[in-house]
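input-v1.cif, holding mmCIF, C-alpha atoms:
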data_protein
#
loop_
_atom_site.label_atom_id
_atom_site.label_comp_id
_atom_site.auth_asym_id
_atom_site.auth_seq_id
_atom_site.Cartn_x
_atom_site.Cartn_y
_atom_site.Cartn_z
CA MET O 1 113.04 94.17 95.25
CA ALA O 2 109.62 95.16 93.92
CA VAL O 3 107.63 97.63 96.01
CA PHE O 4 105.16 99.44 93.75
CA ASN O 5 103.52 96.21 92.57
CA GLN O 6 103.25 94.76 96.08
CA VAL O 7 99.65 93.84 96.88
CA GLU O 8 99.90 95.92 100.07
CA PHE O 9 101.28 99.03 98.35
CA ASP O 10 98.58 101.71 98.66
CA ASN O 11 100.11 104.88 97.23
CA HIS O 12 102.43 105.14 100.21
CA GLU O 13 104.07 108.55 100.32
CA GLN O 14 107.52 107.21 101.16
CA VAL O 15 109.30 103.90 101.71
CA VAL O 16 112.85 104.16 103.05
CA PHE O 17 115.41 101.35 103.31
CA CYS O 18 117.95 101.95 106.07
CA SER O 19 121.25 100.26 106.86
CA ASP O 20 124.25 100.77 109.10
CA GLU O 21 127.27 98.53 108.65
CA LYS O 22 128.79 99.05 112.09
CA SER O 23 125.69 98.13 114.10
CA GLY O 24 124.24 95.67 111.61
CA LEU O 25 121.05 97.70 111.23
CA LYS O 26 118.73 96.67 108.40
CA ALA O 27 115.42 98.51 108.59
CA ILE O 28 112.50 99.75 106.50
CA ILE O 29 110.37 102.81 107.25
CA ALA O 30 107.03 103.24 105.46
CA VAL O 31 105.08 106.49 105.52
CA HIS O 32 101.60 105.76 104.24
CA SER O 33 99.87 109.13 104.75
CA THR O 34 100.50 112.49 106.36
CA LYS O 35 97.13 113.99 105.45
CA LEU O 36 95.95 114.31 109.06
CA GLY O 37 99.40 115.03 110.50
CA PRO O 38 102.86 113.50 110.81
CA ALA O 39 102.90 109.74 110.31
CA VAL O 40 103.06 107.92 113.64
CA GLY O 41 103.46 104.20 114.27
CA GLY O 42 105.68 101.85 116.19
CA CYS O 43 108.88 100.09 115.23
CA ARG O 44 108.78 96.28 115.07
CA LEU O 45 111.88 94.11 115.45
CA TRP O 46 111.40 90.74 113.77
CA ASP O 47 113.51 88.01 112.25
CA TYR O 48 111.86 87.95 108.83
CA ALA O 49 112.68 84.91 106.70
CA GLU O 50 112.93 87.06 103.56
CA ASP O 51 113.37 90.79 102.99
CA GLN O 52 110.20 90.71 100.93
CA ASP O 53 108.28 89.60 104.03
CA ALA O 54 109.50 92.70 105.83
CA VAL O 55 108.37 94.92 102.95
CA TYR O 56 104.94 93.30 102.95
CA ASP O 57 104.63 93.74 106.72
CA VAL O 58 105.70 97.38 106.86
CA LEU O 59 103.42 98.37 103.97
CA ARG O 60 100.42 96.67 105.53
CA LEU O 61 101.08 97.91 109.04
CA SER O 62 101.66 101.52 107.96
CA LYS O 63 98.35 101.68 106.11
CA GLY O 64 96.70 100.19 109.18
CA MET O 65 98.16 103.02 111.27
CA THR O 66 96.62 105.62 108.96
CA TYR O 67 93.20 104.09 109.53
CA LYS O 68 93.80 103.45 113.23
CA ASN O 69 94.82 107.05 113.93
CA ALA O 70 91.92 108.42 111.90
CA VAL O 71 89.23 106.33 113.61
CA ALA O 72 90.78 107.17 116.99
CA ARG O 73 90.43 110.81 115.91
CA LEU O 74 94.09 111.65 116.38
CA PRO O 75 95.90 114.37 114.40
CA PHE O 76 98.34 111.78 113.07
CA GLY O 77 98.96 110.18 109.72
CA GLY O 78 100.07 106.58 109.41
CA GLY O 79 103.52 105.06 109.30
CA LYS O 80 105.43 102.04 110.55
CA SER O 81 108.97 100.74 110.68
CA VAL O 82 110.58 97.33 110.93
CA ILE O 83 114.07 96.33 111.97
CA ILE O 84 115.15 92.98 110.54
CA GLY O 85 116.89 90.59 112.92
CA ASP O 86 116.68 88.31 115.94
CA ALA O 87 115.67 90.36 118.97
CA LYS O 88 117.63 88.00 121.24
CA SER O 89 120.95 88.73 119.56
CA ILE O 90 120.85 91.93 117.50
CA LYS O 91 119.83 94.54 120.07
CA SER O 92 122.44 97.13 121.01
CA GLU O 93 122.67 100.81 121.80
CA GLU O 94 124.54 101.37 118.53
CA LEU O 95 121.73 99.69 116.58
CA PHE O 96 119.04 101.89 118.05
CA LYS O 97 121.14 105.04 117.80
CA ALA O 98 121.74 104.25 114.10
CA PHE O 99 118.00 103.83 113.62
CA GLY O 100 117.46 107.13 115.43
CA ARG O 101 119.77 108.86 112.96
CA HIS O 102 117.67 107.54 110.08
CA LEU O 103 114.54 108.86 111.78
CA GLU O 104 116.22 112.24 112.13
CA ARG O 105 116.91 112.38 108.39
CA LEU O 106 113.17 112.15 107.70
CA GLY O 107 112.73 115.50 109.41
CA GLY O 108 109.55 114.72 111.32
CA SER O 109 107.42 113.17 108.58
CA TYR O 110 107.46 109.99 110.71
CA TYR O 111 107.56 109.45 114.47
CA SER O 112 108.40 106.01 115.80
CA ALA O 113 107.43 104.30 119.05
CA GLU O 114 107.57 100.84 120.57
CA ASP O 115 106.02 97.75 119.01
CA VAL O 116 106.79 94.03 118.93
CA ASN O 117 110.20 93.30 120.55
CA ILE O 118 110.87 97.03 121.10
CA THR O 119 110.79 98.43 124.63
CA THR O 120 110.57 101.95 125.99
CA GLY O 121 114.26 101.56 126.85
CA ASP O 122 115.05 100.85 123.19
CA VAL O 123 113.08 103.96 122.20
CA MET O 124 115.08 106.01 124.70
CA MET O 125 118.27 104.90 122.93
CA MET O 126 116.80 106.08 119.60
CA HIS O 127 115.98 109.34 121.36
CA LYS O 128 119.70 110.00 121.87
CA GLU O 129 119.87 110.77 118.14
CA THR O 130 116.41 112.16 117.39
CA ASP O 131 113.34 113.84 118.85
CA TYR O 132 111.09 112.01 116.39
CA VAL O 133 110.09 109.28 118.82
CA LEU O 134 107.12 108.93 121.16
CA GLY O 135 106.23 106.77 124.14
CA LEU O 136 109.16 108.08 126.15
CA GLU O 137 109.96 107.10 129.71
CA GLY O 138 108.93 109.85 132.08
CA LYS O 139 106.18 110.94 129.68
CA SER O 140 103.47 108.63 128.32
CA GLY O 141 105.76 105.63 128.82
CA ASN O 142 104.65 102.07 128.17
CA PRO O 143 101.49 102.06 126.00
CA SER O 144 100.67 98.39 126.67
CA PRO O 145 98.28 98.94 129.60
CA PHE O 146 96.20 101.32 127.52
CA THR O 147 96.04 98.93 124.58
CA ALA O 148 94.94 96.23 127.02
CA LEU O 149 92.21 98.47 128.45
CA GLY O 150 90.89 99.38 125.01
CA THR O 151 90.85 95.74 123.93
CA PHE O 152 88.97 94.71 127.07
CA LEU O 153 86.38 97.45 126.54
CA GLY O 154 86.12 96.37 122.90
CA ILE O 155 85.27 92.82 123.98
CA LYS O 156 82.59 94.25 126.28
CA ALA O 157 81.21 96.35 123.43
CA ALA O 158 81.04 93.28 121.19
CA TYR O 159 79.34 91.26 123.92
CA GLN O 160 76.87 94.08 124.52
CA HIS O 161 75.99 94.19 120.83
CA LYS O 162 75.76 90.44 120.45
CA PHE O 163 73.97 89.51 123.65
CA GLY O 164 72.53 92.74 125.06
CA HIS O 165 74.70 92.91 128.18
CA GLN O 166 78.30 93.39 129.27
CA ASP O 167 78.53 90.77 132.03
CA LEU O 168 81.54 88.59 131.22
CA SER O 169 81.13 86.24 134.20
CA GLY O 170 81.65 82.69 132.99
CA VAL O 171 82.35 83.83 129.43
CA LYS O 172 84.98 81.61 127.82
CA VAL O 173 87.79 83.52 126.09
CA ALA O 174 90.61 81.96 124.05
CA VAL O 175 93.64 84.27 124.12
CA GLN O 176 96.30 83.60 121.48
CA GLY O 177 99.62 85.25 122.37
CA LEU O 178 100.56 86.44 125.84
CA GLY O 179 102.77 89.49 125.42
CA ALA O 180 102.57 92.59 127.59
CA VAL O 181 99.23 93.75 126.16
CA ALA O 182 97.63 90.31 126.32
CA TYR O 183 98.77 89.84 129.92
CA GLY O 184 96.99 93.07 130.83
CA LEU O 185 93.92 91.95 128.89
CA CYS O 186 93.90 88.61 130.73
CA LYS O 187 94.01 90.49 134.04
CA TYR O 188 90.95 92.56 133.08
CA LEU O 189 89.10 89.47 131.83
CA HIS O 190 89.94 87.47 134.97
CA GLU O 191 88.73 90.29 137.21
CA ALA O 192 85.50 90.37 135.16
CA GLY O 193 84.93 86.68 135.83
CA ALA O 194 85.82 85.27 132.42
CA GLU O 195 87.30 81.79 131.94
CA LEU O 196 90.64 81.96 130.12
CA PHE O 197 92.18 79.50 127.68
CA VAL O 198 95.63 80.62 126.60
CA THR O 199 98.57 79.78 124.38
CA ASP O 200 101.92 81.27 123.42
CA ILE O 201 105.21 80.09 121.93
CA ASN O 202 106.89 81.24 125.16
CA GLN O 203 106.17 78.73 127.93
CA ALA O 204 107.13 81.19 130.66
CA SER O 205 104.43 83.59 129.47
CA VAL O 206 101.86 80.79 129.56
CA ASP O 207 102.92 79.70 133.04
CA ARG O 208 102.62 83.26 134.33
CA VAL O 209 99.03 83.68 133.15
CA VAL O 210 98.07 80.21 134.38
CA THR O 211 99.50 81.02 137.83
CA ASP O 212 98.18 84.57 138.10
CA PHE O 213 94.72 84.15 136.61
CA GLY O 214 93.87 80.45 136.74
CA ALA O 215 93.94 80.15 132.95
CA VAL O 216 93.92 76.82 131.14
CA ALA O 217 96.95 76.31 128.90
CA VAL O 218 96.40 74.77 125.45
CA ASP O 219 98.66 73.88 122.54
CA ILE O 220 99.41 76.49 119.87
CA ASP O 221 97.25 74.87 117.20
CA GLU O 222 94.49 73.79 119.59
CA ILE O 223 93.43 77.38 120.30
CA TYR O 224 91.28 77.52 117.12
CA ASP O 225 89.23 74.43 117.98
CA LEU O 226 88.06 75.39 121.46
CA ASP O 227 84.36 75.71 122.26
CA VAL O 228 84.58 79.29 123.53
CA ASP O 229 82.57 82.49 123.28
CA VAL O 230 85.39 84.85 122.30
CA TYR O 231 88.55 84.29 120.28
CA ALA O 232 91.10 87.00 121.11
CA PRO O 233 94.03 87.04 118.64
CA CYS O 234 96.88 88.81 120.42
CA ALA O 235 99.93 87.51 118.57
CA LEU O 236 101.01 88.28 115.01
CA GLY O 237 98.51 88.88 112.21
CA ALA O 238 96.60 86.83 109.63
CA THR O 239 95.39 84.16 112.07
CA VAL O 240 91.85 84.56 110.73
CA ASN O 241 92.14 82.78 107.40
CA ASP O 242 90.71 80.07 105.17
CA GLU O 243 92.19 77.33 107.33
CA THR O 244 91.19 78.65 110.75
CA ILE O 245 87.74 80.15 110.14
CA PRO O 246 85.98 76.76 109.76
CA ARG O 247 87.55 75.70 113.05
CA ILE O 248 86.68 78.78 115.12
CA LYS O 249 83.58 78.17 117.26
CA ALA O 250 83.59 81.58 118.96
CA THR O 251 80.83 84.01 117.98
CA ILE O 252 83.03 87.03 118.73
CA ILE O 253 86.56 87.73 117.45
CA ALA O 254 88.15 90.58 119.36
CA GLY O 255 91.84 90.89 120.20
CA CYS O 256 94.82 93.22 120.19
CA ALA O 257 96.81 91.79 117.24
CA ASN O 258 97.29 93.87 114.11
CA ASN O 259 96.04 92.68 110.71
CA GLN O 260 94.02 89.79 112.08
CA LEU O 261 92.27 89.06 108.77
CA ALA O 262 94.58 87.31 106.31
CA GLU O 263 92.58 88.97 103.52
CA PRO O 264 89.76 91.55 103.63
CA ARG O 265 87.30 88.99 102.23
CA HIS O 266 87.64 87.01 105.45
CA GLY O 267 85.65 89.74 107.19
CA ASP O 268 82.75 88.93 104.87
CA VAL O 269 83.13 85.22 105.58
CA LEU O 270 82.89 85.91 109.31
CA ARG O 271 79.74 87.97 108.87
CA GLU O 272 78.12 85.22 106.81
CA LYS O 273 79.02 82.77 109.57
CA GLY O 274 77.41 84.99 112.21
CA VAL O 275 80.68 85.91 113.90
CA LEU O 276 81.00 89.48 115.17
CA TYR O 277 84.46 90.82 114.36
CA ALA O 278 85.88 93.85 116.18
CA PRO O 279 88.12 95.53 113.56
CA ASP O 280 91.68 95.25 114.86
CA TYR O 281 92.87 98.80 114.32
CA VAL O 282 89.83 100.13 116.17
CA ILE O 283 89.97 97.88 119.22
CA ASN O 284 93.75 98.05 119.68
CA ALA O 285 94.16 101.83 119.40
CA GLY O 286 94.62 102.42 123.13
CA GLY O 287 98.41 102.55 122.94
CA ILE O 288 98.61 105.15 120.20
CA ILE O 289 95.89 107.21 121.91
CA ASN O 290 98.01 107.26 125.07
CA VAL O 291 101.09 108.25 123.07
CA TYR O 292 99.19 111.20 121.55
CA TYR O 293 98.73 112.79 124.98
CA GLU O 294 102.52 113.00 125.26
CA THR O 295 102.44 115.57 122.44
CA LYS O 296 100.00 117.95 124.14
CA PRO O 297 101.50 121.40 124.85
CA GLU O 298 100.40 121.23 128.47
CA GLY O 299 102.13 117.88 128.95
CA TYR O 300 101.01 114.30 129.37
CA ASN O 301 97.78 113.69 131.31
CA GLU O 302 96.96 110.08 132.12
CA ALA O 303 93.35 110.80 133.06
CA GLN O 304 92.68 112.47 129.70
CA ALA O 305 94.38 109.62 127.86
CA THR O 306 92.32 107.01 129.72
CA LYS O 307 89.05 108.83 128.98
CA HIS O 308 89.93 108.92 125.28
CA VAL O 309 90.75 105.19 125.32
CA GLU O 310 87.39 104.48 126.93
CA GLY O 311 85.81 105.97 123.80
CA ILE O 312 86.83 102.81 121.91
CA PHE O 313 83.71 101.19 123.37
CA ASP O 314 81.46 103.81 121.73
CA THR O 315 83.33 103.75 118.42
CA LEU O 316 82.91 99.99 118.14
CA ALA O 317 79.26 100.23 119.16
CA GLU O 318 78.78 102.68 116.27
CA ILE O 319 80.57 100.37 113.83
CA PHE O 320 78.54 97.33 114.93
CA LYS O 321 75.27 99.25 114.54
CA ARG O 322 76.21 100.58 111.10
CA SER O 323 77.21 97.09 110.07
CA ASP O 324 73.75 95.81 110.91
CA ASP O 325 71.93 98.79 109.43
CA GLU O 326 73.90 98.81 106.17
CA LYS O 327 74.29 95.02 105.97
CA LYS O 328 78.04 95.31 105.52
CA SER O 329 80.90 93.60 107.32
CA THR O 330 82.39 95.44 110.28
CA HIS O 331 85.82 95.75 108.66
CA ILE O 332 84.25 97.53 105.67
CA ILE O 333 82.34 99.92 107.94
CA ALA O 334 85.56 100.68 109.87
CA ASP O 335 87.44 101.39 106.63
CA GLU O 336 84.64 103.66 105.41
CA LEU O 337 84.63 105.54 108.70
CA ALA O 338 88.41 106.01 108.49
CA GLN O 339 88.20 107.19 104.89
CA GLU O 340 85.45 109.69 105.80
CA ILE O 341 87.61 111.16 108.55
CA ILE O 342 90.73 111.29 106.36
CA GLU O 343 88.78 113.00 103.58
CA ASN O 344 86.83 115.47 105.74
CA GLY O 345 89.32 116.01 108.55
CA LEU O 346 88.99 115.59 112.28
#
Would you write out, as structure tokens, the structure that this file holds?
Amino acid sequence: MAVFNQVEFDNHEQVVFCSDEKSGLKAIIAVHSTKLGPAVGGCRLWDYAEDQDAVYDVLRLSKGMTYKNAVARLPFGGGKSVIIGDAKSIKSEELFKAFGRHLERLGGSYYSAEDVNITTGDVMMMHKETDYVLGLEGKSGNPSPFTALGTFLGIKAAYQHKFGHQDLSGVKVAVQGLGAVAYGLCKYLHEAGAELFVTDINQASVDRVVTDFGAVAVDIDEIYDLDVDVYAPCALGATVNDETIPRIKATIIAGCANNQLAEPRHGDVLREKGVLYAPDYVINAGGIINVYYETKPEGYNEAQATKHVEGIFDTLAEIFKRSDDEKKSTHIIADELAQEIIENGL
């Protein structure tokens, strides 16, 4: 399997393939950078069609964590891990303990946490074999509410920049994907008076948001064609692409999904179209910010974590302004900001 010639390979420091015959574990850990500190990023459990898809995903996600942690001004480098398999059938204590042993062998160059299909309970099982995990129960715990808060504030920052105010009353928002973070985001948006249009492959998740927040359910593919103000991608990545961009009527794209742009050039296409894009790794950094406060010597402090998450509003406001001033796409400005921080330090 080729790694070094992968389009997403970016001089990653380390890529580790892990297996355990007894538990059925097949996993990949990618450490992109440890320049600002130990690499930190969640573990994703996904039933990839091909091993190569898992390699592509972990390389891309780990680089994104380097940039996310830098722009959030955290003393972390970037890393990510993926476990290959069907979350409905493969999960077991032995699986997560085996993964924990692989984390232990890395000696602290990478710390894992929860991500797609991984819960705090799963992380606690990893913790039986290693201390190199974050987001632990009894400490910072579930990061989803903080990611939801940061994403909501990011939407407000985008609306402020685009329209000169933050009032979301009557604003139409299309939310794609209704996992734990998106549910929290929908709650914030509903309380702010927004009109919600939602979709997810899980009908129970759709029904819950429709019942709790009066959202309108739409088909999976219909979400791109809605006449809304904000498109919030909150599922898997690459939903902003050559096929969907001509269909998107929203003037703001701001959601909690990782790697929303299928290719970097799509950020330029959005700018040319007059769509304001909130760079994904900036707007969705609330979870990792919360996790950081678990590492503080004095112990976890929710109030401090929340205040730091609230800074996402100001960071995005800075990126939007620089984008206008320098006539560059927001994703380029975010990358440049991350690179400046990585080069010069926190």
(message) When you look at Arg73 (chain O) with a cut-off of 8 Å (counting all atoms listed in the file), what residues show up, excluding the ones that are within fewer than 3 positions of it in the same chain? I need them as a PyMOL selection string.
(response) chain O and resi 69-70+341+346
(request) Would you mind telling me which residue in O:Ala285, O:Ala215, O:Ile319, O:Leu59 lies nearest to Val181 (chain O) when using only C-alpha atoms? (result)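 Looking at the shortest contact to Val181 (chain O), the residue is O:Ala285.
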(request) Run the PyMOL selection byres ((chain O and resi 164-172) around 9) against the file shown and list the residues it catches, as JSON, numbers by chain. (result) {"O": [155, 156, 157, 158, 159, 160, 161, 162, 163, 173, 174, 189, 190, 192, 193, 194, 195, 196, 197, 227, 228, 229, 230, 231, 250]}
Which residues would end up in the selection if the PyMOL selection byres ((chain O and resi 130) around 8) were applied here, given that I need the answer as a PDB file with C-alpha atoms, in the coordinates of the input?
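Result file follows (selection-v9.pdb):
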ATOM      1  CA  GLY O 100     117.460 107.130 115.430  1.00  0.00           C
ATOM      2  CA  ARG O 101     119.770 108.860 112.960  1.00  0.00           C
ATOM      3  CA  LEU O 103     114.540 108.860 111.780  1.00  0.00           C
ATOM      4  CA  GLU O 104     116.220 112.240 112.130  1.00  0.00           C
ATOM      5  CA  MET O 126     116.800 106.080 119.600  1.00  0.00           C
ATOM      6  CA  HIS O 127     115.980 109.340 121.360  1.00  0.00           C
ATOM      7  CA  LYS O 128     119.700 110.000 121.870  1.00  0.00           C
ATOM      8  CA  GLU O 129     119.870 110.770 118.140  1.00  0.00           C
ATOM      9  CA  ASP O 131     113.340 113.840 118.850  1.00  0.00           C
ATOM     10  CA  TYR O 132     111.090 112.010 116.390  1.00  0.00           C
ATOM     11  CA  VAL O 133     110.090 109.280 118.820  1.00  0.00           C
TER      12      VAL O 133
END
(request) Evaluate the PyMOL selection byres ((chain O and resi 303-307) around 9) and record the selected residues as number ranges by chain, following the chain and residue labels used in the document. (result) O: 146, 149, 286, 289-293, 300-302, 308-311
